[in-house]
file final_13.cif (mmCIF, C-alpha atoms)
data_my_file
loop_
_atom_site.label_atom_id
_atom_site.label_comp_id
_atom_site.auth_asym_id
_atom_site.auth_seq_id
_atom_site.Cartn_x
_atom_site.Cartn_y
_atom_site.Cartn_z
CA MET A 1 19.60 65.54 75.12
CA SER A 2 21.30 67.64 72.43
CA TYR A 3 20.62 67.26 68.73
CA ARG A 4 24.10 65.90 68.13
CA LYS A 5 23.67 63.18 70.76
CA ASN A 6 20.31 62.17 69.24
CA LEU A 7 21.87 61.95 65.78
CA ALA A 8 24.74 59.84 67.09
CA LEU A 9 22.30 57.50 68.84
CA ALA A 10 20.18 57.16 65.69
CA ARG A 11 23.25 56.28 63.66
CA ALA A 12 24.31 53.65 66.20
CA VAL A 13 20.84 52.04 66.13
CA ALA A 14 20.80 52.05 62.31
CA LEU A 15 24.20 50.40 62.16
CA SER A 16 23.12 47.76 64.66
CA LEU A 17 19.96 47.00 62.67
CA GLY A 18 21.94 46.89 59.41
CA ALA A 19 24.24 44.29 60.87
CA LEU A 20 21.40 42.19 62.26
CA LEU A 21 19.20 42.13 59.14
CA PRO A 22 21.66 40.22 56.84
CA ALA A 23 22.31 37.73 59.61
CA ALA A 24 18.58 37.14 60.04
CA ALA A 25 18.15 36.75 56.27
CA ALA A 26 20.94 34.17 56.18
CA LEU A 27 19.38 32.17 59.03
CA ALA A 28 16.06 31.26 57.30
CA ALA A 29 14.13 28.27 58.73
CA PRO A 30 14.35 24.95 56.82
CA ALA A 31 11.49 23.79 54.55
CA ILE A 32 10.90 20.33 52.95
CA THR A 33 9.14 20.12 49.55
CA SER A 34 9.51 16.37 48.76
CA VAL A 35 11.18 13.15 49.91
CA TYR A 36 12.43 10.46 47.50
CA THR A 37 12.80 6.89 48.89
CA THR A 38 15.43 4.42 47.60
CA TYR A 39 14.72 0.65 47.71
CA SER A 40 16.90 -2.47 47.70
CA ALA A 41 16.61 -5.19 45.04
CA GLY A 42 14.29 -7.07 47.39
CA GLY A 43 11.96 -4.06 47.72
CA THR A 44 13.04 -2.83 51.22
CA PRO A 45 13.37 0.98 51.78
CA THR A 46 17.08 1.73 52.42
CA ALA A 47 17.60 5.50 52.10
CA ILE A 48 15.88 8.84 51.55
CA ASN A 49 16.74 12.05 49.70
CA ILE A 50 15.10 15.12 51.28
CA ASN A 51 14.49 18.07 48.90
CA GLY A 52 13.77 21.63 50.04
CA SER A 53 15.46 24.88 51.11
CA ALA A 54 17.73 26.01 53.99
CA LEU A 55 18.26 22.36 54.94
CA CYS A 56 21.64 23.01 56.62
CA SER A 57 23.09 25.88 58.69
CA PRO A 58 25.95 26.08 58.38
CA CYS A 59 26.53 23.73 55.40
CA THR A 60 29.96 22.61 56.54
CA THR A 61 31.79 19.48 57.63
CA PRO A 62 31.05 17.92 60.02
CA ILE A 63 27.37 17.91 59.04
CA THR A 64 25.21 19.80 61.54
CA THR A 65 21.80 18.78 60.10
CA THR A 66 19.99 15.96 61.95
CA VAL A 67 17.10 13.78 60.72
CA THR A 68 14.78 11.54 62.78
CA VAL A 69 12.04 9.19 61.50
CA GLY A 70 9.51 8.03 64.12
CA GLY A 71 11.93 9.15 66.84
CA THR A 72 14.85 7.14 65.42
CA THR A 73 17.89 9.24 64.47
CA LEU A 74 19.14 8.53 60.94
CA THR A 75 22.70 8.61 59.64
CA VAL A 76 23.00 11.69 57.39
CA THR A 77 25.44 10.93 54.56
CA SER A 78 25.42 14.34 52.81
CA ALA A 79 23.79 17.76 53.23
CA THR A 80 23.42 20.89 51.11
CA ALA A 81 20.99 23.77 51.35
CA THR A 82 18.57 21.98 48.94
CA VAL A 83 19.22 18.20 49.36
CA VAL A 84 19.92 16.03 52.43
CA ALA A 85 20.62 12.25 52.06
CA ALA A 86 20.21 9.79 54.94
CA ASN A 87 20.13 5.99 55.45
CA LEU A 88 16.95 4.29 56.73
CA PRO A 89 16.78 1.54 59.36
CA LEU A 90 14.50 -1.45 58.84
CA LEU A 91 10.99 -0.08 59.32
CA SER A 92 7.54 -1.62 59.17
CA ASP A 93 5.07 -0.30 56.62
CA GLY A 94 3.31 2.85 57.84
CA THR A 95 3.48 6.64 57.99
CA TYR A 96 6.23 8.17 60.16
CA THR A 97 6.97 11.75 61.29
CA LEU A 98 10.24 12.94 59.76
CA VAL A 99 11.91 15.80 61.64
CA LEU A 100 14.79 17.71 60.01
CA THR A 101 16.77 20.09 62.23
CA ALA A 102 19.13 22.50 60.44
CA GLY A 103 21.56 23.61 63.15
CA THR A 104 20.27 26.57 65.08
CA THR A 105 17.84 27.85 62.39
CA GLY A 106 14.98 25.54 63.36
CA SER A 107 13.37 22.29 62.30
CA PHE A 108 10.69 21.06 59.86
CA ASN A 109 8.24 18.14 60.25
CA TYR A 110 7.17 15.98 57.28
CA ASP A 111 4.83 12.93 57.11
CA LEU A 112 6.88 10.12 55.50
CA PRO A 113 5.00 7.01 54.22
CA ILE A 114 7.05 3.78 54.32
CA ALA A 115 5.95 0.74 52.30
CA ALA A 116 8.11 -2.19 51.19
CA LYS A 117 7.86 -3.19 47.55
CA ILE A 118 7.07 -6.90 47.28
CA ALA A 119 8.71 -8.57 44.31
CA SER A 120 6.21 -10.10 41.91
CA GLY A 121 6.08 -13.91 41.85
CA ALA A 122 5.81 -15.99 38.72
CA THR A 123 2.50 -15.65 36.91
CA GLY A 124 0.13 -18.43 37.90
CA ALA A 125 -1.63 -20.63 35.38
CA THR A 126 -4.68 -19.09 33.80
CA GLY A 127 -7.84 -20.31 35.44
CA ALA A 128 -10.69 -21.85 33.50
CA THR A 129 -13.03 -19.39 31.86
CA GLY A 130 -16.07 -18.76 33.98
CA ALA A 131 -19.58 -19.18 32.70
CA THR A 132 -20.94 -16.22 30.80
CA GLY A 133 -23.08 -14.06 33.03
CA ALA A 134 -26.61 -13.14 32.12
CA ALA A 135 -26.91 -10.14 29.84
CA GLY A 136 -27.52 -6.93 31.77
CA THR A 137 -30.40 -4.64 30.98
CA ALA A 138 -29.73 -2.21 28.20
CA GLY A 139 -28.57 1.17 29.45
CA ALA A 140 -30.31 4.35 28.44
CA ALA A 141 -29.24 5.68 25.06
CA GLY A 142 -26.53 8.28 25.42
CA ALA A 143 -26.81 11.69 23.84
CA ALA A 144 -25.78 11.80 20.21
CA GLY A 145 -22.11 12.67 19.86
CA ALA A 146 -20.98 15.57 17.77
CA ALA A 147 -20.53 14.76 14.11
CA GLY A 148 -16.97 13.66 13.38
CA THR A 149 -14.89 15.27 10.72
CA ALA A 150 -15.40 13.84 7.25
CA GLY A 151 -13.12 10.86 6.60
CA ALA A 152 -10.75 10.83 3.69
CA LYS A 153 -12.24 9.73 0.39
CA GLY A 154 -12.00 5.95 0.06
CA SER A 155 -10.45 4.28 -2.92
CA THR A 156 -12.73 3.63 -5.94
CA GLY A 157 -14.52 0.29 -5.59
CA ALA A 158 -14.15 -2.49 -8.16
CA THR A 159 -16.38 -2.25 -11.25
CA GLY A 160 -19.62 -4.12 -10.70
CA ALA A 161 -20.66 -7.07 -12.87
CA THR A 162 -22.40 -6.20 -16.16
CA GLY A 163 -26.13 -6.21 -15.74
CA ALA A 164 -28.34 -8.62 -17.69
CA THR A 165 -29.40 -7.51 -21.18
CA GLY A 166 -32.70 -5.67 -21.10
CA ALA A 167 -35.75 -7.03 -22.93
CA THR A 168 -36.07 -6.03 -26.59
CA GLY A 169 -38.48 -3.13 -26.98
CA VAL A 170 -41.49 -3.58 -29.24
CA GLY A 171 -42.32 -0.58 -31.44
CA SER A 172 -44.11 0.03 -34.74
CA THR A 173 -41.98 0.01 -37.89
CA GLY A 174 -41.09 3.49 -39.03
CA ALA A 175 -41.82 4.73 -42.56
CA THR A 176 -39.38 3.60 -45.26
CA GLY A 177 -36.66 6.18 -45.76
CA ALA A 178 -35.88 7.73 -49.16
CA THR A 179 -33.61 5.70 -51.45
CA GLY A 180 -30.02 6.74 -51.01
CA ALA A 181 -27.86 7.91 -53.92
CA THR A 182 -26.22 5.20 -56.03
CA GLY A 183 -22.84 4.26 -54.67
CA ASN A 184 -19.64 4.41 -56.71
CA THR A 185 -18.80 1.41 -58.90
CA GLY A 186 -16.65 -1.07 -57.04
CA ALA A 187 -13.12 -1.83 -58.19
CA THR A 188 -12.69 -4.54 -60.90
CA GLY A 189 -12.18 -7.98 -59.43
CA ALA A 190 -8.88 -9.78 -59.91
CA THR A 191 -8.45 -11.83 -63.16
CA GLY A 192 -9.31 -15.49 -62.72
CA LEU A 193 -6.67 -18.22 -63.05
CA THR A 194 -5.81 -19.50 -66.66
CA GLY A 195 -7.66 -22.72 -67.58
CA ASN A 196 -5.72 -25.99 -67.96
CA THR A 197 -4.20 -26.76 -71.47
CA GLY A 198 -6.28 -29.25 -73.51
CA ALA A 199 -4.97 -32.81 -74.01
CA THR A 200 -2.67 -33.43 -77.14
CA GLY A 201 -4.50 -34.97 -80.16
CA ALA A 202 -3.78 -38.59 -81.20
CA THR A 203 -0.81 -39.19 -83.67
CA GLY A 204 -1.86 -39.79 -87.34
CA ASN A 205 -1.16 -43.12 -89.11
CA THR A 206 2.34 -43.62 -90.78
CA GLY A 207 2.34 -43.06 -94.59
CA LEU A 208 2.98 -46.04 -96.94
CA THR A 209 6.61 -46.89 -97.85
CA GLY A 210 7.54 -45.81 -101.44
CA ALA A 211 8.32 -48.48 -104.13
CA THR A 212 11.96 -49.70 -104.46
CA GLY A 213 13.81 -48.16 -107.46
CA SER A 214 14.95 -50.51 -110.38
CA THR A 215 18.51 -51.98 -110.38
CA GLY A 216 21.01 -50.22 -112.70
CA ALA A 217 22.53 -52.04 -115.73
CA ALA A 218 25.69 -54.07 -115.17
CA GLY A 219 28.94 -52.50 -116.41
CA ILE A 220 30.78 -54.23 -119.38
CA GLY A 221 34.54 -54.73 -119.04
CA MET A 222 36.76 -54.31 -122.17
CA PRO A 223 38.98 -57.47 -122.95
CA GLY A 224 42.74 -56.86 -122.96
CA ALA A 225 44.79 -57.05 -126.24
CA ASP A 226 46.41 -60.38 -127.08
CA GLY A 227 50.10 -60.52 -126.32
CA GLU A 228 52.66 -61.38 -128.99
CA PRO A 229 53.15 -65.08 -129.23
CA GLY A 230 56.33 -66.10 -127.66
CA ASP A 231 57.54 -68.49 -125.26
CA ASP A 232 55.01 -69.34 -122.94
CA GLY A 233 55.17 -66.25 -120.90
CA ALA A 234 54.25 -66.02 -117.37
CA LEU A 235 50.65 -66.03 -116.65
CA GLY A 236 49.49 -62.48 -116.92
CA PRO A 237 47.68 -60.92 -113.98
CA PRO A 238 43.92 -61.21 -113.93
CA GLY A 239 42.13 -58.31 -115.59
CA SER A 240 40.76 -55.59 -113.31
CA ALA A 241 37.14 -55.78 -112.32
CA GLY A 242 34.73 -53.82 -114.45
CA ALA A 243 33.42 -50.49 -113.10
CA THR A 244 30.28 -50.57 -110.86
CA GLY A 245 27.16 -49.61 -112.74
CA ALA A 246 25.48 -46.27 -111.90
CA THR A 247 22.97 -46.21 -108.97
CA GLY A 248 19.37 -46.49 -110.08
CA ALA A 249 17.07 -43.45 -109.62
CA THR A 250 15.37 -42.99 -106.13
CA GLY A 251 11.83 -44.20 -106.05
CA ALA A 252 9.01 -41.62 -105.61
CA THR A 253 8.17 -40.50 -101.94
CA GLY A 254 5.13 -42.23 -100.51
CA ALA A 255 1.99 -40.14 -99.86
CA THR A 256 1.78 -38.15 -96.49
CA GLY A 257 -0.31 -39.88 -93.83
CA ALA A 258 -3.64 -38.27 -92.83
CA THR A 259 -3.53 -35.55 -90.05
CA GLY A 260 -4.65 -36.79 -86.64
CA ALA A 261 -7.89 -35.39 -85.17
CA THR A 262 -7.65 -32.08 -83.17
CA GLY A 263 -7.52 -32.55 -79.36
CA ALA A 264 -10.54 -31.44 -77.28
CA THR A 265 -10.49 -27.79 -76.08
CA GLY A 266 -9.57 -27.36 -72.38
CA ALA A 267 -12.28 -26.19 -69.94
CA THR A 268 -12.52 -22.40 -69.47
CA GLY A 269 -10.89 -21.10 -66.20
CA ALA A 270 -13.15 -19.80 -63.41
CA THR A 271 -13.97 -16.08 -63.65
CA GLY A 272 -12.11 -13.90 -61.10
#

call {"tool": "encode", "arguments": {"input": "final_13.cif", "output": "structure tokens"}}
result
Amino acid sequence: MSYRKNLALARAVALSLGALLPAAAALAAPAITSVYTTYSAGGTPTAININGSALCSPCTTPITTTVTVGGTTLTVTSATATVVAANLPLLSDGTYTLVLTAGTTGSFNYDLPIAAKIASGATGATGATGATGAAGTAGAAGAAGAAGTAGAKGSTGATGATGATGATGVGSTGATGATGATGNTGATGATGLTGNTGATGATGNTGLTGATGSTGAAGIGMPGADGEPGDDGALGPPGSAGATGATGATGATGATGATGATGATGATGATG
């Protein structure tokens, strides 16, 4: 075979392998990593979500992926390369073999546990407390734990009550100290209050009344001249009264009464 024919054949083989390798890479076998079960309100398993890789081939509509659980074919509701969802029939509790077939790329088996969730009933009444069991024997002392970190400093406690007074010590009397210097003279005390005024002395007796002066001499009236005789004239008016005699001299003043005795001196006020 010539060199050129060998080269052409090598190129044809290389091209064929290059076309096959991407197709093989795209047709990887499916693999399941986990399965999540959905439950109804009453606790019955109703559906599953299958997680993994290459779970469909091709991932188109209609869905080509099939799922069986315990030999029963499930209804697949959606499928992507990483998640496949399917409805579950009513199954008894137990572990079932799940088989996922992704088109023509192969299948994968997975052990699927099924267990219904029983709704919790109302809490029953608390039973009577049982008798206390006998104390068990003391267990062996455990090894000493590592010292904990020092706790934060606590707050200062309240001041304790004052202790009782100690007994008086008995000691010999020390020698008398030297006499200290004379202190300064203290300030003069305040002046005491003034003593009360002494009582007023008694009033002296009233002096004697002086003698009454003598009465003055009576005045002498001069008679009027006789009228000329004539017919009986009318009766002349009466003569005026004689002048009042001068007032007699005032009698001498009686002697001054004796001075009353001096009142007693008041008591001296207290010294301040």

call {"tool": "atom_distance", "arguments": {"input": "final_13.cif", "atom1": "atom CA of A:Ser40", "atom2": "atom CA of A:Thr101"}}
result
26.8 Å

call {"tool": "atom_distance", "arguments": {"input": "final_13.cif", "atom1": "atom CA of A:Gly71", "atom2": "atom CA of A:Thr97"}}
result
7.9 Å

call {"tool": "resolve_selection", "arguments": {"input": "final_13.cif", "expression": "the PyMOL selection byres ((chain A and resi 77) around 10)", "output": "PyMOL selection string"}}
result
chain A and resi 47+63+74-76+78-79+84-87

call {"tool": "atom_distance", "arguments": {"input": "final_13.cif", "atom1": "atom CA of A:Gly94", "atom2": "atom CA of A:Pro45"}}
result
11.9 Å

call {"tool": "residues_around", "arguments": {"input": "final_13.cif", "residues": "A:Thr44", "least_positions_apart": "6", "cutoff": "9 Å", "atoms": "all atoms listed in the file", "output": "list in words"}}
result
Thr38, Leu90, Leu91, Ala115, Ala116, Lys117 and Ile118 of chain A

call {"tool": "write_last_selection", "arguments": {"input": "final_13.cif", "atoms": "C-alpha atoms", "output": "CSV table (one decimal), in the coordinates of the input"}}
result
chain,number,residue,atom,x,y,z
A,38,THR,CA,15.4,4.4,47.6
A,90,LEU,CA,14.5,-1.4,58.8
A,91,LEU,CA,11.0,-0.1,59.3
A,115,ALA,CA,6.0,0.7,52.3
A,116,ALA,CA,8.1,-2.2,51.2
A,117,LYS,CA,7.9,-3.2,47.6
A,118,ILE,CA,7.1,-6.9,47.3

call {"tool": "resolve_selection", "arguments": {"input": "final_13.cif", "expression": "the PyMOL selection byres ((chain A and resi 31-34) around 6)", "output": "list in words"}}
result
Pro30, Val35, Asn51, Gly52 and Ser53 of chain A

call {"tool": "resolve_selection", "arguments": {"input": "final_13.cif", "expression": "the PyMOL selection byres ((chain A and resi 113) around 6)", "output": "list in words"}}
result
Gly94, Thr95, Leu112 and Ile114 of chain A

call {"tool": "closest_residue", "arguments": {"input": "final_13.cif", "among": "A:Ala190, A:Ala246, A:Ala270, A:Val67", "to": "A:Leu100", "atoms": "all atoms listed in the file"}}
result
A:Val67

call {"tool": "closest_residue", "arguments": {"input": "final_13.cif", "among": "A:Ile50, A:Ala29, A:Val99, A:Gly260", "to": "A:Val69", "atoms": "only C-alpha atoms"}}
result
A:Val99

call {"tool": "closest_residue", "arguments": {"input": "final_13.cif", "among": "A:Ala211, A:Ala54, A:Ala158, A:Ala264", "to": "A:Ala252", "atoms": "only C-alpha atoms"}}
result
A:Ala211
